[in-house]
Amino acid sequence: MQKKLRGSSEFGCRHDLDTLSPSSVISVGTATQRQIAGLAGIARREIPGVNACEAELSHFLRADPELIFAFCHGDRLLGGIAFLYLNCRGHDALLLDEIDLRRPAREFLAMPDEDVSAIYVWALAASGRAVVGIGNVAAYLRRPRFVNADYFAQPSSAAGRDLLIALGFSRIASFQSDLWRYERPWKRLPLLPVSKFSSRSLGDVQC
């Protein structure tokens with residue numbers, strides 16, 4: 001994940017991404033081809049070292065119309081967020097560092113009518129109040145196609161890392177460098193009460 005956060009304290013403390021409420025301050029929706037040039041320009045300004053290619057973004061959006069989201073206030077484009085929706089092969093390739101995340105092979109990407117195995121945060125270019133649009137995107141990604149997919153990201157700055165922590169991401173062990181994961185709440189194993197176990201019950205286990 002590449003994120004440059006400036007002038008926003010919306011996520012100053014720890015939250016859970018899937019419990020964020022959608023914001024009415026800005027409007028958020030799947031990006032259109034007409035917005036791609038503006039989003040590419042914002043990405044070049046906001047993300048260090050990125051030279052966003054308008055043609056490339058347009059190509060990915062045509063392949064999957066749910067890939068990129070735009071944050072707007074009225075007619076003004078404030079920023080956006082783009083994902084890679086990985087299938088099972090892509091999910092494994094991500095953990096094993098066997099995928100080119102800049103230009104991922106089509107074999108690793110979920111088809112538009114296919115359930116997603118993992119959601120990789122490809123780029124987030126937003127500052128100020130635009131950041132609250134993350135709650136709107138999270139609500140969209142609770143739809144059936146995405147509901148069983150955990151989020152993954154790689155921060156490119158201290159601000160990006162802080163944002164991941166604030167949204168409930170944790171760094172995980174993987175072959176992929178500095179990979180962070182947000183596990184969906186409904187997939188987390190509940191902690192069993194301590195009273196369920198005792199030294200006697202453990203001693204009764206037959207090996």
# chains A, B, ... in the order shown; residues from 1 in each chain; ligands from 1
>>> closest_atom_pairs(of="region 29-98 of chain A", to="region 120-132 of chain A", cutoff="8 Å", atoms="only C-alpha atoms", output="Markdown table")
| residue | atom | partner | partner_atom | distance |
| --- | --- | --- | --- | --- |
| A:Ile42 | CA | A:Ala125 | CA | 6.4 |
| A:Ala43 | CA | A:Ala125 | CA | 5.2 |
| A:Glu46 | CA | A:Ala125 | CA | 5.7 |
| A:Ile47 | CA | A:Ala125 | CA | 6.5 |
| A:Phe71 | CA | A:Ala130 | CA | 6.2 |
| A:Cys72 | CA | A:Ala130 | CA | 7.6 |
| A:Leu78 | CA | A:Ala130 | CA | 6.0 |
| A:Gly79 | CA | A:Ala126 | CA | 4.6 |
| A:Gly80 | CA | A:Ala125 | CA | 5.5 |
| A:Ile81 | CA | A:Leu124 | CA | 4.4 |
| A:Ala82 | CA | A:Ala123 | CA | 5.2 |
| A:Phe83 | CA | A:Val121 | CA | 4.7 |
| A:Leu84 | CA | A:Tyr120 | CA | 5.0 |
| A:Tyr85 | CA | A:Tyr120 | CA | 6.4 |
| A:Leu86 | CA | A:Tyr120 | CA | 7.4 |
>>> residues_around(residues="Leu164 (chain A)", least_positions_apart="2", cutoff="10 Å", atoms="only C-alpha atoms", output="list in words")
Met1, Lys3, Phe11, Arg14, His15, Leu17, Phe152, Ala153, Gln154, Pro155, Ala158, Ala159, Gly160, Arg161, Asp162, Ala166, Leu167, Gly168, Phe169, Ser170, Arg171, Trp180, Arg181 and Tyr182 of chain A
>>> atom_distance(atom1="CA of Val28 (chain A)", atom2="CA of Asn87 (chain A)")
25.2 Å
>>> select_by_dssp(residues="region 26-105 of chain A", states="helix (DSSP H, G or I)", output="PyMOL selection string")
chain A and resi 33-46+54-63+88-95
>>> atom_distance(atom1="CA of Leu109 (chain A)", atom2="CA of Arg188 (chain A)")
24.8 Å
>>> select_by_dssp(residues="region 99-143 of chain A", states="strand (DSSP E or B)", output="number ranges by chain")
A: 109, 118-125
>>> closest_residue(among="A:His91, A:Arg142, A:Arg103, A:His59", to="Ser174 (chain A)", atoms="only C-alpha atoms")
A:His91
>>> closest_residue(among="A:Ile172, A:Lys187, A:Asn136, A:Ala55", to="Ala149 (chain A)", atoms="only C-alpha atoms")
A:Lys187
>>> atom_distance(atom1="CA of Ala93 (chain A)", atom2="CA of Val147 (chain A)")
20.4 Å
>>> residues_around(residues="Leu95 (chain A)", least_positions_apart="4", cutoff="9 Å", atoms="only C-alpha atoms", output="VMD selection string")
chain A and resid 90 to 91 99 173 to 176 179
>>> write_last_selection(atoms="N, CA and C atoms", output="PDB file, in the first residue's frame")
ATOM      1  N   GLY A  90      -3.671 -16.202  -6.820  1.00  0.00           N
ATOM      2  CA  GLY A  90      -3.076 -14.908  -6.541  1.00  0.00           C
ATOM      3  C   GLY A  90      -2.826 -14.701  -5.060  1.00  0.00           C
ATOM      4  N   HIS A  91      -3.738 -15.205  -4.232  1.00  0.00           N
ATOM      5  CA  HIS A  91      -3.587 -15.123  -2.778  1.00  0.00           C
ATOM      6  C   HIS A  91      -2.300 -15.842  -2.352  1.00  0.00           C
ATOM      7  N   ILE A  99       4.309 -12.747  -7.163  1.00  0.00           N
ATOM      8  CA  ILE A  99       3.438 -11.937  -8.003  1.00  0.00           C
ATOM      9  C   ILE A  99       4.067 -10.557  -8.192  1.00  0.00           C
ATOM     10  N   ALA A 173       3.827 -12.730   9.038  1.00  0.00           N
ATOM     11  CA  ALA A 173       5.001 -13.413   8.507  1.00  0.00           C
ATOM     12  C   ALA A 173       4.683 -13.939   7.111  1.00  0.00           C
ATOM     13  N   SER A 174       5.509 -13.581   6.138  1.00  0.00           N
ATOM     14  CA  SER A 174       5.322 -14.048   4.767  1.00  0.00           C
ATOM     15  C   SER A 174       6.614 -13.824   4.003  1.00  0.00           C
ATOM     16  N   PHE A 175       6.712 -14.429   2.823  1.00  0.00           N
ATOM     17  CA  PHE A 175       7.867 -14.193   1.967  1.00  0.00           C
ATOM     18  C   PHE A 175       7.802 -12.809   1.333  1.00  0.00           C
ATOM     19  N   GLN A 176       6.601 -12.248   1.248  1.00  0.00           N
ATOM     20  CA  GLN A 176       6.403 -10.902   0.721  1.00  0.00           C
ATOM     21  C   GLN A 176       6.911  -9.887   1.739  1.00  0.00           C
ATOM     22  N   LEU A 179       4.469  -7.245   4.690  1.00  0.00           N
ATOM     23  CA  LEU A 179       3.065  -7.456   4.331  1.00  0.00           C
ATOM     24  C   LEU A 179       2.192  -7.371   5.574  1.00  0.00           C
TER      25      LEU A 179
END
>>> closest_residue(among="A:Leu39, A:Ser23, A:Ser177, A:Ile68", to="Ser156 (chain A)", atoms="only C-alpha atoms")
A:Ser177
>>> decode(residues="region 30-174 of chain A", atoms="C-alpha atoms", output="PDB file, in the first residue's frame")
ATOM      1  CA  THR A  30     -16.817   3.023  -8.283  1.00  0.00           C
ATOM      2  CA  ALA A  31     -14.659   5.149 -10.569  1.00  0.00           C
ATOM      3  CA  THR A  32     -15.633   5.945 -14.145  1.00  0.00           C
ATOM      4  CA  GLN A  33     -13.356   6.141 -17.158  1.00  0.00           C
ATOM      5  CA  ARG A  34     -13.854   9.922 -17.171  1.00  0.00           C
ATOM      6  CA  GLN A  35     -12.327  10.131 -13.673  1.00  0.00           C
ATOM      7  CA  ILE A  36      -9.203   8.118 -14.470  1.00  0.00           C
ATOM      8  CA  ALA A  37      -7.094  11.068 -15.670  1.00  0.00           C
ATOM      9  CA  GLY A  38      -7.872  13.019 -12.492  1.00  0.00           C
ATOM     10  CA  LEU A  39      -7.173  10.029 -10.257  1.00  0.00           C
ATOM     11  CA  ALA A  40      -3.850   9.396 -11.999  1.00  0.00           C
ATOM     12  CA  GLY A  41      -2.874  13.025 -11.425  1.00  0.00           C
ATOM     13  CA  ILE A  42      -3.764  12.853  -7.720  1.00  0.00           C
ATOM     14  CA  ALA A  43      -1.786   9.611  -7.347  1.00  0.00           C
ATOM     15  CA  ARG A  44       1.302  11.234  -8.876  1.00  0.00           C
ATOM     16  CA  ARG A  45       1.028  14.144  -6.432  1.00  0.00           C
ATOM     17  CA  GLU A  46       0.143  12.200  -3.288  1.00  0.00           C
ATOM     18  CA  ILE A  47       2.109   8.935  -3.533  1.00  0.00           C
ATOM     19  CA  PRO A  48       5.908   9.182  -3.301  1.00  0.00           C
ATOM     20  CA  GLY A  49       7.764   7.695  -6.253  1.00  0.00           C
ATOM     21  CA  VAL A  50       4.670   6.711  -8.235  1.00  0.00           C
ATOM     22  CA  ASN A  51       4.191   7.585 -11.877  1.00  0.00           C
ATOM     23  CA  ALA A  52       0.581   6.547 -12.349  1.00  0.00           C
ATOM     24  CA  CYS A  53      -0.180   5.644 -15.948  1.00  0.00           C
ATOM     25  CA  GLU A  54      -3.627   6.722 -17.102  1.00  0.00           C
ATOM     26  CA  ALA A  55      -3.765   4.045 -19.810  1.00  0.00           C
ATOM     27  CA  GLU A  56      -2.839   1.309 -17.334  1.00  0.00           C
ATOM     28  CA  LEU A  57      -5.482   2.390 -14.812  1.00  0.00           C
ATOM     29  CA  SER A  58      -8.049   2.550 -17.606  1.00  0.00           C
ATOM     30  CA  HIS A  59      -7.120  -0.987 -18.695  1.00  0.00           C
ATOM     31  CA  PHE A  60      -7.564  -2.405 -15.189  1.00  0.00           C
ATOM     32  CA  LEU A  61     -10.871  -0.591 -14.734  1.00  0.00           C
ATOM     33  CA  ARG A  62     -12.210  -2.072 -17.970  1.00  0.00           C
ATOM     34  CA  ALA A  63     -11.179  -5.530 -16.760  1.00  0.00           C
ATOM     35  CA  ASP A  64     -13.019  -5.078 -13.443  1.00  0.00           C
ATOM     36  CA  PRO A  65     -15.358  -2.078 -12.923  1.00  0.00           C
ATOM     37  CA  GLU A  66     -15.233  -2.555  -9.113  1.00  0.00           C
ATOM     38  CA  LEU A  67     -11.455  -2.190  -8.913  1.00  0.00           C
ATOM     39  CA  ILE A  68     -11.141   1.569  -8.303  1.00  0.00           C
ATOM     40  CA  PHE A  69     -13.195   3.919  -6.108  1.00  0.00           C
ATOM     41  CA  ALA A  70     -13.368   7.701  -6.368  1.00  0.00           C
ATOM     42  CA  PHE A  71     -13.865  10.131  -3.480  1.00  0.00           C
ATOM     43  CA  CYS A  72     -15.732  13.334  -4.399  1.00  0.00           C
ATOM     44  CA  HIS A  73     -17.189  16.424  -2.802  1.00  0.00           C
ATOM     45  CA  GLY A  74     -19.817  17.721  -5.146  1.00  0.00           C
ATOM     46  CA  ASP A  75     -18.175  17.805  -8.561  1.00  0.00           C
ATOM     47  CA  ARG A  76     -14.673  17.974  -7.103  1.00  0.00           C
ATOM     48  CA  LEU A  77     -12.541  14.829  -7.225  1.00  0.00           C
ATOM     49  CA  LEU A  78     -10.677  14.459  -3.907  1.00  0.00           C
ATOM     50  CA  GLY A  79      -8.883  11.158  -4.357  1.00  0.00           C
ATOM     51  CA  GLY A  80      -9.388   7.466  -4.726  1.00  0.00           C
ATOM     52  CA  ILE A  81      -8.392   3.946  -3.786  1.00  0.00           C
ATOM     53  CA  ALA A  82      -7.528   1.013  -6.038  1.00  0.00           C
ATOM     54  CA  PHE A  83      -7.404  -2.691  -5.232  1.00  0.00           C
ATOM     55  CA  LEU A  84      -6.200  -5.930  -6.712  1.00  0.00           C
ATOM     56  CA  TYR A  85      -8.814  -8.637  -6.258  1.00  0.00           C
ATOM     57  CA  LEU A  86      -6.882 -11.884  -6.069  1.00  0.00           C
ATOM     58  CA  ASN A  87      -8.163 -15.391  -6.692  1.00  0.00           C
ATOM     59  CA  CYS A  88      -6.823 -18.392  -4.739  1.00  0.00           C
ATOM     60  CA  ARG A  89      -3.700 -18.617  -6.915  1.00  0.00           C
ATOM     61  CA  GLY A  90      -3.076 -14.908  -6.541  1.00  0.00           C
ATOM     62  CA  HIS A  91      -3.587 -15.123  -2.778  1.00  0.00           C
ATOM     63  CA  ASP A  92      -0.899 -17.823  -2.531  1.00  0.00           C
ATOM     64  CA  ALA A  93       1.399 -15.924  -4.895  1.00  0.00           C
ATOM     65  CA  LEU A  94       1.088 -12.799  -2.728  1.00  0.00           C
ATOM     66  CA  LEU A  95       2.179 -14.638   0.421  1.00  0.00           C
ATOM     67  CA  LEU A  96       5.016 -16.373  -1.412  1.00  0.00           C
ATOM     68  CA  ASP A  97       6.236 -13.181  -3.145  1.00  0.00           C
ATOM     69  CA  GLU A  98       5.586 -14.730  -6.557  1.00  0.00           C
ATOM     70  CA  ILE A  99       3.438 -11.937  -8.003  1.00  0.00           C
ATOM     71  CA  ASP A 100       4.428  -8.674  -9.679  1.00  0.00           C
ATOM     72  CA  LEU A 101       2.205  -6.253  -7.801  1.00  0.00           C
ATOM     73  CA  ARG A 102       2.870  -3.427 -10.259  1.00  0.00           C
ATOM     74  CA  ARG A 103       1.752  -5.463 -13.264  1.00  0.00           C
ATOM     75  CA  PRO A 104       0.040  -8.596 -11.942  1.00  0.00           C
ATOM     76  CA  ALA A 105      -0.531 -11.503 -14.315  1.00  0.00           C
ATOM     77  CA  ARG A 106      -4.187 -12.019 -15.239  1.00  0.00           C
ATOM     78  CA  GLU A 107      -4.051 -15.592 -13.919  1.00  0.00           C
ATOM     79  CA  PHE A 108      -3.786 -14.232 -10.373  1.00  0.00           C
ATOM     80  CA  LEU A 109      -6.782 -11.874 -10.566  1.00  0.00           C
ATOM     81  CA  ALA A 110     -10.359 -12.815  -9.785  1.00  0.00           C
ATOM     82  CA  MET A 111     -12.789 -12.492 -12.679  1.00  0.00           C
ATOM     83  CA  PRO A 112     -15.535  -9.849 -12.217  1.00  0.00           C
ATOM     84  CA  ASP A 113     -18.109 -12.606 -11.611  1.00  0.00           C
ATOM     85  CA  GLU A 114     -15.797 -14.610  -9.307  1.00  0.00           C
ATOM     86  CA  ASP A 115     -15.607 -14.519  -5.503  1.00  0.00           C
ATOM     87  CA  VAL A 116     -12.442 -12.825  -4.254  1.00  0.00           C
ATOM     88  CA  SER A 117      -9.898 -14.708  -2.103  1.00  0.00           C
ATOM     89  CA  ALA A 118      -7.794 -11.697  -1.036  1.00  0.00           C
ATOM     90  CA  ILE A 119      -8.077  -7.925  -1.397  1.00  0.00           C
ATOM     91  CA  TYR A 120      -4.759  -6.163  -1.936  1.00  0.00           C
ATOM     92  CA  VAL A 121      -4.740  -2.399  -1.377  1.00  0.00           C
ATOM     93  CA  TRP A 122      -2.940  -1.355  -4.546  1.00  0.00           C
ATOM     94  CA  ALA A 123      -2.909   2.413  -4.000  1.00  0.00           C
ATOM     95  CA  LEU A 124      -4.617   5.023  -1.837  1.00  0.00           C
ATOM     96  CA  ALA A 125      -4.334   8.651  -2.881  1.00  0.00           C
ATOM     97  CA  ALA A 126      -6.349  10.887  -0.582  1.00  0.00           C
ATOM     98  CA  SER A 127      -5.694  13.557   2.002  1.00  0.00           C
ATOM     99  CA  GLY A 128      -7.734  15.604   4.461  1.00  0.00           C
ATOM    100  CA  ARG A 129     -11.417  14.734   4.700  1.00  0.00           C
ATOM    101  CA  ALA A 130     -11.244  12.438   1.693  1.00  0.00           C
ATOM    102  CA  VAL A 131      -9.833   9.757   3.999  1.00  0.00           C
ATOM    103  CA  VAL A 132     -13.233   9.282   5.681  1.00  0.00           C
ATOM    104  CA  GLY A 133     -14.388   7.717   2.412  1.00  0.00           C
ATOM    105  CA  ILE A 134     -12.623   4.540   3.497  1.00  0.00           C
ATOM    106  CA  GLY A 135     -15.704   3.721   5.562  1.00  0.00           C
ATOM    107  CA  ASN A 136     -17.891   3.882   2.451  1.00  0.00           C
ATOM    108  CA  VAL A 137     -15.529   1.597   0.551  1.00  0.00           C
ATOM    109  CA  ALA A 138     -15.444  -0.870   3.458  1.00  0.00           C
ATOM    110  CA  ALA A 139     -19.248  -1.034   3.380  1.00  0.00           C
ATOM    111  CA  TYR A 140     -19.165  -1.788  -0.359  1.00  0.00           C
ATOM    112  CA  LEU A 141     -16.603  -4.551   0.155  1.00  0.00           C
ATOM    113  CA  ARG A 142     -18.901  -6.364   2.570  1.00  0.00           C
ATOM    114  CA  ARG A 143     -20.891  -7.527  -0.468  1.00  0.00           C
ATOM    115  CA  PRO A 144     -21.024 -11.289  -1.138  1.00  0.00           C
ATOM    116  CA  ARG A 145     -18.247 -11.234  -3.748  1.00  0.00           C
ATOM    117  CA  PHE A 146     -15.737  -9.807  -1.252  1.00  0.00           C
ATOM    118  CA  VAL A 147     -17.055 -10.825   2.169  1.00  0.00           C
ATOM    119  CA  ASN A 148     -14.678 -13.745   2.776  1.00  0.00           C
ATOM    120  CA  ALA A 149     -11.535 -11.974   1.541  1.00  0.00           C
ATOM    121  CA  ASP A 150      -9.045 -10.483   3.999  1.00  0.00           C
ATOM    122  CA  TYR A 151      -7.296  -7.222   3.120  1.00  0.00           C
ATOM    123  CA  PHE A 152      -3.539  -7.036   2.521  1.00  0.00           C
ATOM    124  CA  ALA A 153      -1.302  -4.003   2.141  1.00  0.00           C
ATOM    125  CA  GLN A 154       2.307  -2.813   2.179  1.00  0.00           C
ATOM    126  CA  PRO A 155       2.909   0.665   3.630  1.00  0.00           C
ATOM    127  CA  SER A 156       5.392   2.873   1.814  1.00  0.00           C
ATOM    128  CA  SER A 157       5.630   5.532   4.527  1.00  0.00           C
ATOM    129  CA  ALA A 158       5.293   6.005   8.270  1.00  0.00           C
ATOM    130  CA  ALA A 159       1.892   7.652   7.704  1.00  0.00           C
ATOM    131  CA  GLY A 160       0.756   4.644   5.674  1.00  0.00           C
ATOM    132  CA  ARG A 161       1.861   2.264   8.414  1.00  0.00           C
ATOM    133  CA  ASP A 162       0.064   4.334  11.063  1.00  0.00           C
ATOM    134  CA  LEU A 163      -3.108   4.287   8.985  1.00  0.00           C
ATOM    135  CA  LEU A 164      -2.964   0.497   8.659  1.00  0.00           C
ATOM    136  CA  ILE A 165      -2.566   0.139  12.422  1.00  0.00           C
ATOM    137  CA  ALA A 166      -5.474   2.519  13.002  1.00  0.00           C
ATOM    138  CA  LEU A 167      -7.695   0.416  10.719  1.00  0.00           C
ATOM    139  CA  GLY A 168      -6.899  -2.883  12.445  1.00  0.00           C
ATOM    140  CA  PHE A 169      -4.147  -4.266  10.195  1.00  0.00           C
ATOM    141  CA  SER A 170      -1.290  -6.324  11.659  1.00  0.00           C
ATOM    142  CA  ARG A 171       2.030  -7.240  10.125  1.00  0.00           C
ATOM    143  CA  ILE A 172       2.242 -10.933   9.233  1.00  0.00           C
ATOM    144  CA  ALA A 173       5.001 -13.413   8.507  1.00  0.00           C
ATOM    145  CA  SER A 174       5.322 -14.048   4.767  1.00  0.00           C
TER     146      SER A 174
END
